[in-house]
Structures are given as C-alpha cells and as structure tokens.
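The file upload-v2.cif comes next; it holds mmCIF, C-alpha atoms and all ligand atoms.
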data_final
#
loop_
_atom_site.group_PDB
_atom_site.id
_atom_site.type_symbol
_atom_site.label_atom_id
_atom_site.label_comp_id
_atom_site.auth_asym_id
_atom_site.auth_seq_id
_atom_site.Cartn_x
_atom_site.Cartn_y
_atom_site.Cartn_z
ATOM 1 C CA MET A 1 48.257 -141.074 -85.664
ATOM 2 C CA GLY A 2 51.068 -141.269 -83.154
ATOM 3 C CA ALA A 3 53.516 -138.599 -82.082
ATOM 4 C CA LEU A 4 55.881 -137.065 -84.628
ATOM 5 C CA VAL A 5 58.890 -137.658 -82.385
ATOM 6 C CA GLU A 6 59.021 -140.077 -79.535
ATOM 7 C CA ALA A 7 62.209 -140.438 -77.525
ATOM 8 C CA ARG A 8 62.459 -143.386 -75.182
ATOM 9 C CA ASP A 9 65.007 -143.638 -72.413
ATOM 10 C CA LEU A 10 67.779 -141.865 -74.326
ATOM 11 C CA LYS A 11 71.250 -141.963 -72.853
ATOM 12 C CA LYS A 12 74.476 -140.294 -73.873
ATOM 13 C CA TYR A 13 77.554 -140.478 -71.680
ATOM 14 C CA PHE A 14 80.700 -138.636 -72.707
ATOM 15 C CA PRO A 15 84.049 -139.960 -71.510
ATOM 16 C CA VAL A 16 86.015 -137.645 -69.225
ATOM 17 C CA LYS A 17 89.737 -137.509 -69.988
ATOM 18 C CA LYS A 18 91.940 -138.774 -67.156
ATOM 19 C CA GLY A 19 93.401 -135.370 -66.305
ATOM 20 C CA PHE A 20 89.953 -133.849 -65.875
ATOM 21 C CA ARG A 21 88.333 -136.503 -63.687
ATOM 22 C CA GLN A 22 89.139 -134.682 -60.471
ATOM 23 C CA MET A 23 86.802 -131.913 -61.630
ATOM 24 C CA PHE A 24 84.028 -134.483 -61.998
ATOM 25 C CA LYS A 25 84.566 -136.204 -58.627
ATOM 26 C CA GLY A 26 86.618 -138.922 -60.310
ATOM 27 C CA ALA A 27 83.809 -139.902 -62.699
ATOM 28 C CA GLU A 28 84.832 -141.544 -65.959
ATOM 29 C CA PHE A 29 81.760 -140.244 -67.775
ATOM 30 C CA VAL A 30 79.654 -137.115 -67.954
ATOM 31 C CA LYS A 31 76.077 -138.323 -68.017
ATOM 32 C CA ALA A 32 74.975 -135.613 -70.462
ATOM 33 C CA VAL A 33 71.654 -137.344 -71.156
ATOM 34 C CA ASP A 34 70.625 -139.968 -68.666
ATOM 35 C CA GLY A 35 67.288 -141.585 -69.449
ATOM 36 C CA VAL A 36 65.260 -138.982 -71.334
ATOM 37 C CA SER A 37 61.808 -139.791 -72.732
ATOM 38 C CA PHE A 38 59.344 -137.421 -74.357
ATOM 39 C CA ALA A 39 56.767 -137.241 -77.122
ATOM 40 C CA LEU A 40 56.242 -134.358 -79.519
ATOM 41 C CA GLU A 41 52.929 -134.147 -81.368
ATOM 42 C CA ARG A 42 52.639 -132.819 -84.908
ATOM 43 C CA GLY A 43 52.354 -129.059 -85.155
ATOM 44 C CA LYS A 44 53.368 -128.556 -81.532
ATOM 45 C CA VAL A 45 56.326 -126.894 -79.862
ATOM 46 C CA LEU A 46 58.191 -128.660 -77.099
ATOM 47 C CA VAL A 47 60.381 -126.345 -75.055
ATOM 48 C CA LEU A 48 63.468 -127.941 -73.557
ATOM 49 C CA ALA A 49 64.518 -125.776 -70.656
ATOM 50 C CA GLY A 50 67.188 -126.091 -68.002
ATOM 51 C CA GLU A 51 70.456 -124.588 -66.860
ATOM 52 C CA SER A 52 73.657 -124.580 -68.830
ATOM 53 C CA GLY A 53 75.067 -128.106 -68.992
ATOM 54 C CA SER A 54 71.769 -129.839 -68.241
ATOM 55 C CA GLY A 55 71.878 -131.731 -71.547
ATOM 56 C CA LYS A 56 69.508 -129.787 -73.818
ATOM 57 C CA THR A 57 71.790 -129.533 -76.857
ATOM 58 C CA THR A 58 72.843 -133.147 -76.475
ATOM 59 C CA VAL A 59 69.176 -134.220 -76.623
ATOM 60 C CA ALA A 60 68.767 -132.144 -79.801
ATOM 61 C CA ARG A 61 71.865 -133.658 -81.404
ATOM 62 C CA LEU A 62 70.588 -137.133 -80.561
ATOM 63 C CA VAL A 63 67.177 -136.421 -82.111
ATOM 64 C CA LEU A 64 68.833 -135.132 -85.294
ATOM 65 C CA ARG A 65 71.147 -138.146 -85.335
ATOM 66 C CA ALA A 66 74.175 -135.841 -85.309
ATOM 67 C CA ILE A 67 75.483 -138.160 -82.572
ATOM 68 C CA ASP A 68 74.634 -141.752 -81.682
ATOM 69 C CA PRO A 69 72.855 -142.557 -78.426
ATOM 70 C CA ASP A 70 74.423 -145.042 -76.024
ATOM 71 C CA ALA A 71 70.953 -146.372 -75.258
ATOM 72 C CA GLY A 72 67.325 -145.699 -76.035
ATOM 73 C CA SER A 73 65.378 -145.101 -79.216
ATOM 74 C CA ILE A 74 64.007 -142.216 -81.251
ATOM 75 C CA MET A 75 60.877 -142.795 -83.271
ATOM 76 C CA PHE A 76 60.371 -140.210 -86.014
ATOM 77 C CA GLU A 77 57.175 -140.430 -88.064
ATOM 78 C CA GLY A 78 56.830 -143.986 -86.800
ATOM 79 C CA ASN A 79 60.345 -145.106 -87.815
ATOM 80 C CA ASP A 80 63.140 -145.924 -85.418
ATOM 81 C CA VAL A 81 65.791 -143.515 -86.675
ATOM 82 C CA THR A 82 68.368 -144.853 -84.226
ATOM 83 C CA ARG A 83 68.602 -147.830 -86.569
ATOM 84 C CA TYR A 84 69.255 -145.750 -89.657
ATOM 85 C CA GLU A 85 72.587 -146.029 -91.377
ATOM 86 C CA GLY A 86 74.166 -145.317 -94.758
ATOM 87 C CA SER A 87 72.069 -143.411 -97.265
ATOM 88 C CA GLN A 88 68.958 -143.582 -95.085
ATOM 89 C CA LEU A 89 70.829 -141.781 -92.305
ATOM 90 C CA LYS A 90 72.303 -139.238 -94.713
ATOM 91 C CA HIS A 91 68.831 -138.527 -96.068
ATOM 92 C CA PHE A 92 67.399 -138.152 -92.572
ATOM 93 C CA ARG A 93 70.175 -135.772 -91.526
ATOM 94 C CA ALA A 94 69.556 -133.645 -94.596
ATOM 95 C CA SER A 95 65.852 -133.431 -93.839
ATOM 96 C CA VAL A 96 65.921 -132.196 -90.241
ATOM 97 C CA HIS A 97 67.812 -129.088 -89.311
ATOM 98 C CA MET A 98 68.916 -127.135 -86.366
ATOM 99 C CA VAL A 99 68.796 -123.364 -86.058
ATOM 100 C CA TYR A 100 71.681 -122.398 -83.806
ATOM 101 C CA GLN A 101 72.191 -119.745 -81.198
ATOM 102 C CA ASP A 102 74.983 -117.883 -82.933
ATOM 103 C CA PRO A 103 73.953 -116.519 -86.326
ATOM 104 C CA TYR A 104 77.505 -115.244 -86.829
ATOM 105 C CA SER A 105 79.212 -118.625 -86.831
ATOM 106 C CA SER A 106 76.475 -120.989 -88.012
ATOM 107 C CA LEU A 107 76.520 -119.943 -91.689
ATOM 108 C CA SER A 108 79.501 -120.688 -93.945
ATOM 109 C CA PRO A 109 81.161 -117.282 -94.453
ATOM 110 C CA ARG A 110 82.240 -117.866 -98.050
ATOM 111 C CA MET A 111 78.954 -119.218 -99.369
ATOM 112 C CA LYS A 112 76.240 -117.058 -100.856
ATOM 113 C CA VAL A 113 72.836 -117.247 -99.213
ATOM 114 C CA MET A 114 71.542 -119.059 -102.331
ATOM 115 C CA ASP A 115 74.034 -121.897 -101.823
ATOM 116 C CA ILE A 116 73.651 -122.006 -98.034
ATOM 117 C CA VAL A 117 69.898 -122.473 -98.287
ATOM 118 C CA MET A 118 70.209 -124.874 -101.242
ATOM 119 C CA GLU A 119 72.731 -127.154 -99.579
ATOM 120 C CA PRO A 120 70.221 -129.529 -97.881
ATOM 121 C CA LEU A 121 68.578 -130.066 -101.287
ATOM 122 C CA THR A 122 71.758 -131.428 -102.845
ATOM 123 C CA VAL A 123 71.354 -134.506 -100.641
ATOM 124 C CA HIS A 124 67.628 -134.464 -100.181
ATOM 125 C CA ASP A 125 66.290 -133.585 -103.590
ATOM 126 C CA ARG A 126 68.472 -134.986 -106.320
ATOM 127 C CA LYS A 127 65.670 -135.141 -108.873
ATOM 128 C CA SER A 128 65.147 -131.398 -109.231
ATOM 129 C CA SER A 129 67.210 -129.387 -111.687
ATOM 130 C CA LYS A 130 69.425 -126.519 -110.543
ATOM 131 C CA LYS A 131 66.751 -124.092 -111.702
ATOM 132 C CA GLU A 132 64.045 -125.889 -109.728
ATOM 133 C CA LYS A 133 66.251 -125.880 -106.645
ATOM 134 C CA GLU A 134 66.832 -122.145 -107.044
ATOM 135 C CA GLU A 135 63.072 -121.708 -107.195
ATOM 136 C CA LYS A 136 62.716 -123.639 -103.945
ATOM 137 C CA VAL A 137 65.353 -121.458 -102.297
ATOM 138 C CA LEU A 138 63.526 -118.297 -103.354
ATOM 139 C CA ILE A 139 60.233 -119.668 -102.017
ATOM 140 C CA SER A 140 61.967 -120.492 -98.741
ATOM 141 C CA LEU A 141 63.468 -116.982 -98.531
ATOM 142 C CA ASP A 142 60.041 -115.541 -99.193
ATOM 143 C CA GLU A 143 58.608 -117.670 -96.358
ATOM 144 C CA VAL A 144 61.022 -116.008 -93.944
ATOM 145 C CA ARG A 145 60.330 -112.630 -95.550
ATOM 146 C CA LEU A 146 63.712 -112.059 -97.124
ATOM 147 C CA ALA A 147 63.846 -110.350 -100.515
ATOM 148 C CA PRO A 148 65.158 -112.421 -103.462
ATOM 149 C CA GLU A 149 68.273 -110.233 -103.855
ATOM 150 C CA ILE A 150 69.468 -111.463 -100.450
ATOM 151 C CA ALA A 151 70.218 -114.774 -102.214
ATOM 152 C CA GLN A 152 73.292 -113.242 -103.855
ATOM 153 C CA ARG A 153 74.791 -111.911 -100.634
ATOM 154 C CA LEU A 154 77.381 -113.353 -98.293
ATOM 155 C CA PRO A 155 76.582 -113.780 -94.578
ATOM 156 C CA HIS A 156 78.815 -110.863 -93.481
ATOM 157 C CA MET A 157 76.576 -108.498 -95.434
ATOM 158 C CA LEU A 158 73.552 -109.443 -93.311
ATOM 159 C CA SER A 159 72.282 -108.391 -89.906
ATOM 160 C CA GLY A 160 71.952 -110.917 -87.086
ATOM 161 C CA GLY A 161 68.191 -111.094 -87.585
ATOM 162 C CA GLN A 162 68.597 -111.617 -91.336
ATOM 163 C CA ARG A 163 71.135 -114.367 -90.709
ATOM 164 C CA GLN A 164 68.724 -116.156 -88.406
ATOM 165 C CA ARG A 165 66.078 -115.883 -91.131
ATOM 166 C CA VAL A 166 68.544 -117.473 -93.560
ATOM 167 C CA ALA A 167 69.148 -120.283 -91.055
ATOM 168 C CA ILE A 168 65.384 -120.824 -90.799
ATOM 169 C CA ALA A 169 65.016 -120.727 -94.608
ATOM 170 C CA ARG A 170 67.715 -123.396 -94.842
ATOM 171 C CA ALA A 171 65.881 -125.505 -92.276
ATOM 172 C CA LEU A 172 62.606 -125.027 -94.173
ATOM 173 C CA VAL A 173 63.778 -125.787 -97.693
ATOM 174 C CA THR A 174 63.302 -129.546 -97.401
ATOM 175 C CA LYS A 175 59.764 -128.999 -96.053
ATOM 176 C CA PRO A 176 60.575 -130.717 -92.781
ATOM 177 C CA ALA A 177 58.055 -131.861 -90.223
ATOM 178 C CA LEU A 178 60.474 -130.854 -87.449
ATOM 179 C CA ILE A 179 62.820 -127.955 -86.818
ATOM 180 C CA VAL A 180 65.109 -127.883 -83.817
ATOM 181 C CA ALA A 181 65.954 -124.396 -82.618
ATOM 182 C CA ASP A 182 68.725 -124.115 -80.027
ATOM 183 C CA GLU A 183 68.467 -120.711 -78.308
ATOM 184 C CA PRO A 184 67.701 -119.102 -81.695
ATOM 185 C CA VAL A 185 67.113 -115.583 -80.406
ATOM 186 C CA SER A 186 69.353 -115.276 -77.370
ATOM 187 C CA MET A 187 72.169 -113.563 -79.273
ATOM 188 C CA LEU A 188 69.907 -111.241 -81.218
ATOM 189 C CA ASP A 189 69.079 -107.692 -80.371
ATOM 190 C CA VAL A 190 65.974 -107.539 -78.213
ATOM 191 C CA SER A 191 64.194 -105.539 -80.914
ATOM 192 C CA VAL A 192 64.411 -108.391 -83.459
ATOM 193 C CA ARG A 193 63.780 -111.294 -81.082
ATOM 194 C CA GLY A 194 60.024 -110.836 -81.253
ATOM 195 C CA GLU A 195 60.087 -110.788 -85.065
ATOM 196 C CA ILE A 196 61.943 -114.099 -85.255
ATOM 197 C CA LEU A 197 59.637 -115.735 -82.691
ATOM 198 C CA GLU A 198 56.627 -114.395 -84.579
ATOM 199 C CA LEU A 199 58.029 -115.836 -87.791
ATOM 200 C CA MET A 200 58.527 -119.288 -86.260
ATOM 201 C CA HIS A 201 55.052 -119.143 -84.796
ATOM 202 C CA GLY A 202 53.563 -118.266 -88.205
ATOM 203 C CA LEU A 203 55.405 -121.124 -89.933
ATOM 204 C CA LYS A 204 54.079 -123.545 -87.351
ATOM 205 C CA ALA A 205 50.517 -122.401 -87.991
ATOM 206 C CA LYS A 206 50.891 -122.339 -91.778
ATOM 207 C CA HIS A 207 52.786 -125.584 -92.364
ATOM 208 C CA GLY A 208 52.087 -127.532 -89.181
ATOM 209 C CA ILE A 209 55.802 -127.677 -88.442
ATOM 210 C CA SER A 210 56.777 -129.009 -85.028
ATOM 211 C CA TYR A 211 59.632 -127.490 -83.100
ATOM 212 C CA ILE A 212 61.916 -128.500 -80.341
ATOM 213 C CA TYR A 213 62.744 -125.123 -78.881
ATOM 214 C CA ILE A 214 65.713 -125.019 -76.539
ATOM 215 C CA THR A 215 66.117 -122.168 -74.120
ATOM 216 C CA HIS A 216 67.047 -121.284 -70.604
ATOM 217 C CA ASP A 217 64.983 -118.127 -70.956
ATOM 218 C CA LEU A 218 61.614 -119.067 -69.517
ATOM 219 C CA SER A 219 60.167 -115.660 -70.366
ATOM 220 C CA THR A 220 60.185 -116.438 -74.119
ATOM 221 C CA ALA A 221 59.404 -120.116 -73.539
ATOM 222 C CA ARG A 222 55.782 -119.467 -72.629
ATOM 223 C CA TYR A 223 55.234 -117.437 -75.755
ATOM 224 C CA VAL A 224 56.458 -120.142 -78.159
ATOM 225 C CA GLY A 225 55.767 -123.401 -76.390
ATOM 226 C CA ASP A 226 52.874 -125.833 -76.075
ATOM 227 C CA ASP A 227 54.636 -128.233 -73.742
ATOM 228 C CA ILE A 228 57.781 -127.935 -71.689
ATOM 229 C CA ALA A 229 60.312 -130.435 -70.421
ATOM 230 C CA VAL A 230 62.585 -129.108 -67.698
ATOM 231 C CA MET A 231 66.016 -130.740 -67.650
ATOM 232 C CA ASN A 232 68.467 -130.998 -64.829
ATOM 233 C CA ALA A 233 71.693 -133.027 -64.941
ATOM 234 C CA GLY A 234 70.700 -135.098 -67.966
ATOM 235 C CA ARG A 235 67.184 -135.905 -66.841
ATOM 236 C CA ILE A 236 63.731 -134.438 -67.351
ATOM 237 C CA VAL A 237 62.565 -133.433 -63.883
ATOM 238 C CA GLU A 238 59.188 -132.003 -64.845
ATOM 239 C CA THR A 239 57.104 -131.988 -68.006
ATOM 240 C CA GLY A 240 53.615 -130.976 -69.082
ATOM 241 C CA PRO A 241 51.596 -128.187 -70.724
ATOM 242 C CA ILE A 242 53.706 -125.042 -70.507
ATOM 243 C CA ASP A 243 51.108 -122.820 -68.828
ATOM 244 C CA LYS A 244 50.538 -125.369 -66.126
ATOM 245 C CA VAL A 245 54.216 -126.031 -65.459
ATOM 246 C CA LEU A 246 55.211 -122.357 -65.377
ATOM 247 C CA LEU A 247 52.262 -121.142 -63.340
ATOM 248 C CA ASP A 248 52.097 -124.087 -60.978
ATOM 249 C CA PRO A 249 55.471 -125.859 -60.933
ATOM 250 C CA GLU A 250 55.654 -128.990 -58.844
ATOM 251 C CA HIS A 251 59.360 -129.607 -58.801
ATOM 252 C CA ALA A 252 61.713 -127.491 -56.670
ATOM 253 C CA TYR A 253 64.167 -127.204 -59.563
ATOM 254 C CA THR A 254 61.483 -125.754 -61.852
ATOM 255 C CA GLN A 255 60.502 -123.336 -59.091
ATOM 256 C CA SER A 256 64.098 -122.160 -58.781
ATOM 257 C CA LEU A 257 64.346 -121.585 -62.548
ATOM 258 C CA ILE A 258 61.158 -119.527 -62.483
ATOM 259 C CA ALA A 259 62.397 -117.572 -59.479
ATOM 260 C CA ALA A 260 65.537 -116.747 -61.475
ATOM 261 C CA ILE A 261 63.573 -114.898 -64.194
ATOM 262 C CA PRO A 262 64.799 -111.312 -63.778
ATOM 263 C CA ASP A 263 61.444 -109.588 -63.958
ATOM 264 C CA PRO A 264 58.573 -112.029 -63.572
ATOM 265 C CA ASP A 265 55.861 -109.469 -64.313
ATOM 266 C CA ARG A 266 57.396 -108.637 -67.623
ATOM 267 C CA GLY A 267 58.646 -112.192 -68.144
ATOM 268 C CA LEU A 268 55.530 -114.335 -68.017
ATOM 269 C CA TYR A 269 53.462 -112.668 -70.683
HETATM 270 N N1 LIG B 1 81.143 -133.668 -77.217
HETATM 271 C C1 LIG B 1 81.191 -133.651 -75.872
HETATM 272 N N2 LIG B 1 82.219 -134.220 -75.211
HETATM 273 C C2 LIG B 1 82.278 -134.231 -73.855
HETATM 274 N N3 LIG B 1 81.336 -133.696 -73.071
HETATM 275 C C3 LIG B 1 80.279 -133.117 -73.672
HETATM 276 C C4 LIG B 1 80.152 -133.047 -75.089
HETATM 277 N N4 LIG B 1 78.994 -132.400 -75.400
HETATM 278 C C5 LIG B 1 78.448 -132.071 -74.222
HETATM 279 N N5 LIG B 1 79.195 -132.497 -73.176
HETATM 280 C C6 LIG B 1 78.880 -132.339 -71.751
HETATM 281 O O1 LIG B 1 77.567 -132.823 -71.536
HETATM 282 C C7 LIG B 1 76.842 -131.977 -70.641
HETATM 283 C C8 LIG B 1 75.591 -131.453 -71.308
HETATM 284 O O2 LIG B 1 75.970 -130.555 -72.352
HETATM 285 P P1 LIG B 1 74.917 -129.816 -73.285
HETATM 286 O O3 LIG B 1 75.690 -129.075 -74.307
HETATM 287 O O4 LIG B 1 73.929 -130.810 -73.796
HETATM 288 O O5 LIG B 1 74.209 -128.833 -72.271
HETATM 289 P P2 LIG B 1 73.159 -127.650 -72.542
HETATM 290 O O6 LIG B 1 71.988 -127.920 -71.649
HETATM 291 O O7 LIG B 1 72.889 -127.538 -73.992
HETATM 292 O O8 LIG B 1 73.928 -126.370 -72.000
HETATM 293 P P3 LIG B 1 73.915 -124.830 -72.552
HETATM 294 O O9 LIG B 1 72.677 -124.205 -72.021
HETATM 295 O O10 LIG B 1 75.151 -124.241 -71.929
HETATM 296 O O11 LIG B 1 73.986 -124.851 -74.041
HETATM 297 C C9 LIG B 1 77.821 -130.897 -70.209
HETATM 298 O O12 LIG B 1 78.423 -131.289 -68.999
HETATM 299 C C10 LIG B 1 78.839 -130.892 -71.337
HETATM 300 O O13 LIG B 1 80.090 -130.428 -70.887
HETATM 301 MG MG MG B 2 73.245 -126.001 -75.396
#

In structure tokens, how does this file's structure come out?
Amino acid sequence: MGALVEARDLKKYFPVKKGFRQMFKGAEFVKAVDGVSFALERGKVLVLAGESGSGKTTVARLVLRAIDPDAGSIMFEGNDVTRYEGSQLKHFRASVHMVYQDPYSSLSPRMKVMDIVMEPLTVHDRKSSKKEKEEKVLISLDEVRLAPEIAQRLPHMLSGGQRQRVAIARALVTKPALIVADEPVSMLDVSVRGEILELMHGLKAKHGISYIYITHDLSTARYVGDDIAVMNAGRIVETGPIDKVLLDPEHAYTQSLIAAIPDPDRGLY
C-alpha cells in the first residue's frame, strides 16, 4: 500500500499588493510554497519545521484543500484530491481537520462543545440520527479524556488544555486517517503541553492516525515525530527520519535551527 499522503511539487504564490512590493524587493508574489514534495506513511507523524514565514501553515492548508495550489498534486489515500470539487471536496474538507495553535480563538464562542464536536458530522455523516451523532461526540470526548458533562459547556468555561482536547475531539469525530496539528501546544501552559502530546501519541498508536505536526519548536518535535521536513522560504531543505536529521543535520539551515534551541540538553530528550 502506498503512502497516505503524497504531495508532489506543490506551489502556492500569493500576490503582493502594489503598495507593499518595496518590502518584498519589488516582487509581485510571495512564494509561500515553492515546489514542496513529501510522503506521509499511515500511522506516522511528519513534523514540518522551519522559521516563521517559511510556509508551514500554507502547506497544511493546501493538504486540507482549504486553499487551491497553483501547481502540483496531493494524493490522499490514492486519490488526487487537487481534482476534487463540489460535494466530493466538501466531503473531503469535512473529513480532515486542523488543530490550531490558539485554543482561545479556534472554537466558536457561542456553540456548546456538543455542537462544536458534532459539526463535521453534519456534512460527513448524514445517515446517522441526532442521537447517534451525540453518541459519536461522547465517544470522541471520551477518547480525549473529557467527561460527558463538558459537552454542555461553552468554550469560555474551559481551560486552554481542555479547549485543545475539544479541538482534537472535533478532528477525531469523523475517524480521520489524518490530523493536521499546527503548533497545537505552543500557547498552552508548559504543564499541560506534555499531556496533550501524550494524548496525540496515544491516539496514533490506538487508531493508526497519521499526523502532520507543525512546529518551530524542535525540542517537542523529536518527541512526537517519525520524520521531519525542514522548510525554509517555501522549500523543504532537509528531510528524513527525525533522529537522524536532528542529531546529524546536513544542511546549514537545519544546523542553525538546532543551535537556536534554548537549552539543547533539556531540549533533545
Ligand atoms: N493568505 C495570504 N495572503 C498573502 N500572503 C500570505 C497568505 N498566507 C501566507 N502568506 C505569506 O506566505 C508566507 C508563508 O506563510 P505561512 O503562514 O505558511 O508561514 P508559517 O511557516 O506557517 O509561519 P508561522 O511559523 O509564523 O506560522 C509568508 O510570507 C506569509 O506572509
Ligand atoms: Mg503557521
């Protein structure tokens, strides 16, 4: 069986407004993603690392079909999802989810947890009754170790860690093969970061879920990742098994990222 996700030569250029071109040396486009290829195997975690602005989130949005690529293809479970449109695209978008960095703005403030987690099912699972969908939500909450009564609460009543669990429950409810997590723990208190990483790790082992895990924090990357792709200016400059790349980086850019880890002894656990 082939890879779960295979990106080939993805490109996404964003136009620069006239008044801003001076800032970009007169360029008409920001080459946010400029020829990115990678493969993600089932049940594996690919870490996308790189400085701010290197194109990590844009790659994620392309993979989830939140935005259209200018060039390249994305194979997902053997299908070219860059060709999807209409209901097929809607279905695909409902089945793969992103867990965002900011748990305070990523959940609709006026929706109860029950409805937030159920939302992907309204597109994805039209056969089940309301009651069956509620059951699925409660199972999903249980998977992320949230008590059933949390379902009746609004996001502002939850801690940051609980909110991130809700975001993961929402991503899980459609039983996806892939979850994309974009800096999911960087805004959380250090004391709950480990719990959330542990949770994601457990879900990977239990359900064989694959992750694309975006971070510029290489100290957590080694804990969660199987492979790493290091991005710089829209391109992958180095990729391979994470232990190898972090312990023996070949590219100068990767070396500089590793050198920037505040406390390497504590960092590379
Ligand atoms: N919708 C957009 N319109 C115009 N430019 C964009 C848009 N989205 C991203 N960019 C630009 O594309 C480049 C890559 O952005 P991206 O958000 O993918 O970086 P990133 O690696 O996720 O950074 P960070 O670590 O700060 O989240 C940046 O120069 C950014 O300003
Ligand atoms: Mg980003």

With ligand LIG 1 (chain B) as the partner and 7 Å as the cut-off, tabulate the residues of chain A that qualify, each row holding the nearest pair of atoms and their distance in Å to one decimal, using all atoms listed in the file, sorted by chain and rising number, as a Markdown table.
| residue | atom | partner | partner_atom | distance |
| --- | --- | --- | --- | --- |
| A:Phe14 | CA | B:LIG1 | C2 | 4.8 |
| A:Pro15 | CA | B:LIG1 | C2 | 6.4 |
| A:Val16 | CA | B:LIG1 | C2 | 6.9 |
| A:Val30 | CA | B:LIG1 | O1 | 6.0 |
| A:Lys31 | CA | B:LIG1 | O1 | 6.7 |
| A:Ala32 | CA | B:LIG1 | O1 | 4.0 |
| A:Gly50 | CA | B:LIG1 | O6 | 6.3 |
| A:Glu51 | CA | B:LIG1 | O9 | 5.6 |
| A:Ser52 | CA | B:LIG1 | O9 | 3.4 |
| A:Gly53 | CA | B:LIG1 | O5 | 3.5 |
| A:Ser54 | CA | B:LIG1 | O6 | 3.9 |
| A:Gly55 | CA | B:LIG1 | O4 | 3.2 |
| A:Lys56 | CA | B:LIG1 | O6 | 3.8 |
| A:Thr57 | CA | B:LIG1 | O7 | 3.7 |
| A:Thr58 | CA | B:LIG1 | O4 | 3.7 |
| A:Val59 | CA | B:LIG1 | O4 | 6.5 |
| A:His216 | CA | B:LIG1 | O9 | 6.5 |
| A:Gly234 | CA | B:LIG1 | C8 | 7.0 |

- Item | Selection dump of the PyMOL selection byres (((chain A and resi 195) around 12) and not hetatm), as an MDAnalysis selection string | chainID A and resid 144:145 161:162 164:165 184:185 188:194 196:202

- Message: What's around Thr82 of chain A at 8 Å? Count all atoms listed in the file, leave out sequence neighbours fewer than 3 positions away in its own chain, and write the answer as JSON, numbers by chain.
- Response: {"A": [65, 68, 69, 73, 74, 75]}

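Here atom CA of Arg61 of chain A is placed at a distance of 23.8 Å from atom CA of Phe20 of chain A.
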
- So which one's closest to Ile139 of chain A, A:Ala259, A:Leu172, A:Met187, A:Met111? Using only C-alpha atoms, please. A:Leu172

- Query: Which one of A:Met157, A:Ala27, A:Leu40, A:Val47 sits closest to Ile242 of chain A if you count only C-alpha atoms?
  - Reply: A:Val47

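With the shown file loaded, the PyMOL selection byres (((chain A and resi 249) around 12) and not hetatm) picks out Ile228, Ala229, Val230, Val237, Glu238, Thr239, Gly240, Pro241, Ile242, Asp243, Lys244, Val245, Leu246, Leu247, Asp248, Glu250, His251, Ala252, Tyr253, Thr254, Gln255, Ser256, Leu257, Ile258 and Ala259 of chain A.
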
Go ahead and dump the residues you just picked, C-alpha atoms, as a PDB file, in the frame of the given file.
ATOM      1  CA  ILE A 228      57.781-127.935 -71.689  1.00  0.00           C
ATOM      2  CA  ALA A 229      60.312-130.435 -70.421  1.00  0.00           C
ATOM      3  CA  VAL A 230      62.585-129.108 -67.698  1.00  0.00           C
ATOM      4  CA  VAL A 237      62.565-133.433 -63.883  1.00  0.00           C
ATOM      5  CA  GLU A 238      59.188-132.003 -64.845  1.00  0.00           C
ATOM      6  CA  THR A 239      57.104-131.988 -68.006  1.00  0.00           C
ATOM      7  CA  GLY A 240      53.615-130.976 -69.082  1.00  0.00           C
ATOM      8  CA  PRO A 241      51.596-128.187 -70.724  1.00  0.00           C
ATOM      9  CA  ILE A 242      53.706-125.042 -70.507  1.00  0.00           C
ATOM     10  CA  ASP A 243      51.108-122.820 -68.828  1.00  0.00           C
ATOM     11  CA  LYS A 244      50.538-125.369 -66.126  1.00  0.00           C
ATOM     12  CA  VAL A 245      54.216-126.031 -65.459  1.00  0.00           C
ATOM     13  CA  LEU A 246      55.211-122.357 -65.377  1.00  0.00           C
ATOM     14  CA  LEU A 247      52.262-121.142 -63.340  1.00  0.00           C
ATOM     15  CA  ASP A 248      52.097-124.087 -60.978  1.00  0.00           C
ATOM     16  CA  GLU A 250      55.654-128.990 -58.844  1.00  0.00           C
ATOM     17  CA  HIS A 251      59.360-129.607 -58.801  1.00  0.00           C
ATOM     18  CA  ALA A 252      61.713-127.491 -56.670  1.00  0.00           C
ATOM     19  CA  TYR A 253      64.167-127.204 -59.563  1.00  0.00           C
ATOM     20  CA  THR A 254      61.483-125.754 -61.852  1.00  0.00           C
ATOM     21  CA  GLN A 255      60.502-123.336 -59.091  1.00  0.00           C
ATOM     22  CA  SER A 256      64.098-122.160 -58.781  1.00  0.00           C
ATOM     23  CA  LEU A 257      64.346-121.585 -62.548  1.00  0.00           C
ATOM     24  CA  ILE A 258      61.158-119.527 -62.483  1.00  0.00           C
ATOM     25  CA  ALA A 259      62.397-117.572 -59.479  1.00  0.00           C
TER      26      ALA A 259
END

- Message: For the PyMOL selection byres (((chain A and resi 77) around 9) and not hetatm), applied here, can you spell out every residue it catches as an NGL selection string?
- Response: :A and (2-6 or 75-76 or 78-80 or 177)

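Nearest residue to ligand MG 2 (chain B) among A:His97, A:Ala60, A:Val81, A:Asp34 is A:Ala60, counting all atoms listed in the file.
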
- Min atom-atom distance to ligand MG 2 (chain B) from the set A:Ala260, A:Leu48, A:Val96, A:Leu154, counting only C-alpha atoms and all ligand atoms, belongs to A:Leu48

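The two atoms in question, atom CA of Pro148 of chain A and atom CA of Ser128 of chain A, are spaced 19.8 Å apart.
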
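Shortest separation to ligand MG 2 (chain B) among A:Ala49, A:Leu138, A:Ala94, A:Ala221 occurs at residue A:Ala49, atoms counted being all atoms listed in the file.
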
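The two atoms in question, atom CA of Leu158 of chain A and atom CA of Tyr213 of chain A, are spaced 23.9 Å apart.
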
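With distances restricted to all atoms listed in the file, A:Tyr100 is the closest residue to ligand MG 2 (chain B) from A:Tyr100, A:Phe29, A:Tyr223, A:Tyr211.
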
Output as AutoDock Vina command-line options the centre and edge lengths (Å, one decimal) of the box along x, y and z of the file that holds every listed atom of segment 33-36 of chain A after adding 8 Å on each side.
--center_x 68.5 --center_y -139.5 --center_z -70.0 --size_x 22.4 --size_y 20.2 --size_z 18.7

- Once you count all atoms listed in the file, which residues end up no further than 6 Å from (75.8, -111.3, -87.3) in the file's frame, shown as a PyMOL selection string? chain A and resi 103-104+159-160

- Which protein, DNA or RNA residues have an atom at most 10 Å from (58.3, -130.6, -96.1), counting only C-alpha atoms? List them as a PyMOL selection string. chain A and resi 95-96+171-178+207-209

Those same residues, written as a CSV table (one decimal), in the frame of the given file with C-alpha atoms?
chain,number,residue,atom,x,y,z
A,95,SER,CA,65.9,-133.4,-93.8
A,96,VAL,CA,65.9,-132.2,-90.2
A,171,ALA,CA,65.9,-125.5,-92.3
A,172,LEU,CA,62.6,-125.0,-94.2
A,173,VAL,CA,63.8,-125.8,-97.7
A,174,THR,CA,63.3,-129.5,-97.4
A,175,LYS,CA,59.8,-129.0,-96.1
A,176,PRO,CA,60.6,-130.7,-92.8
A,177,ALA,CA,58.1,-131.9,-90.2
A,178,LEU,CA,60.5,-130.9,-87.4
A,207,HIS,CA,52.8,-125.6,-92.4
A,208,GLY,CA,52.1,-127.5,-89.2
A,209,ILE,CA,55.8,-127.7,-88.4
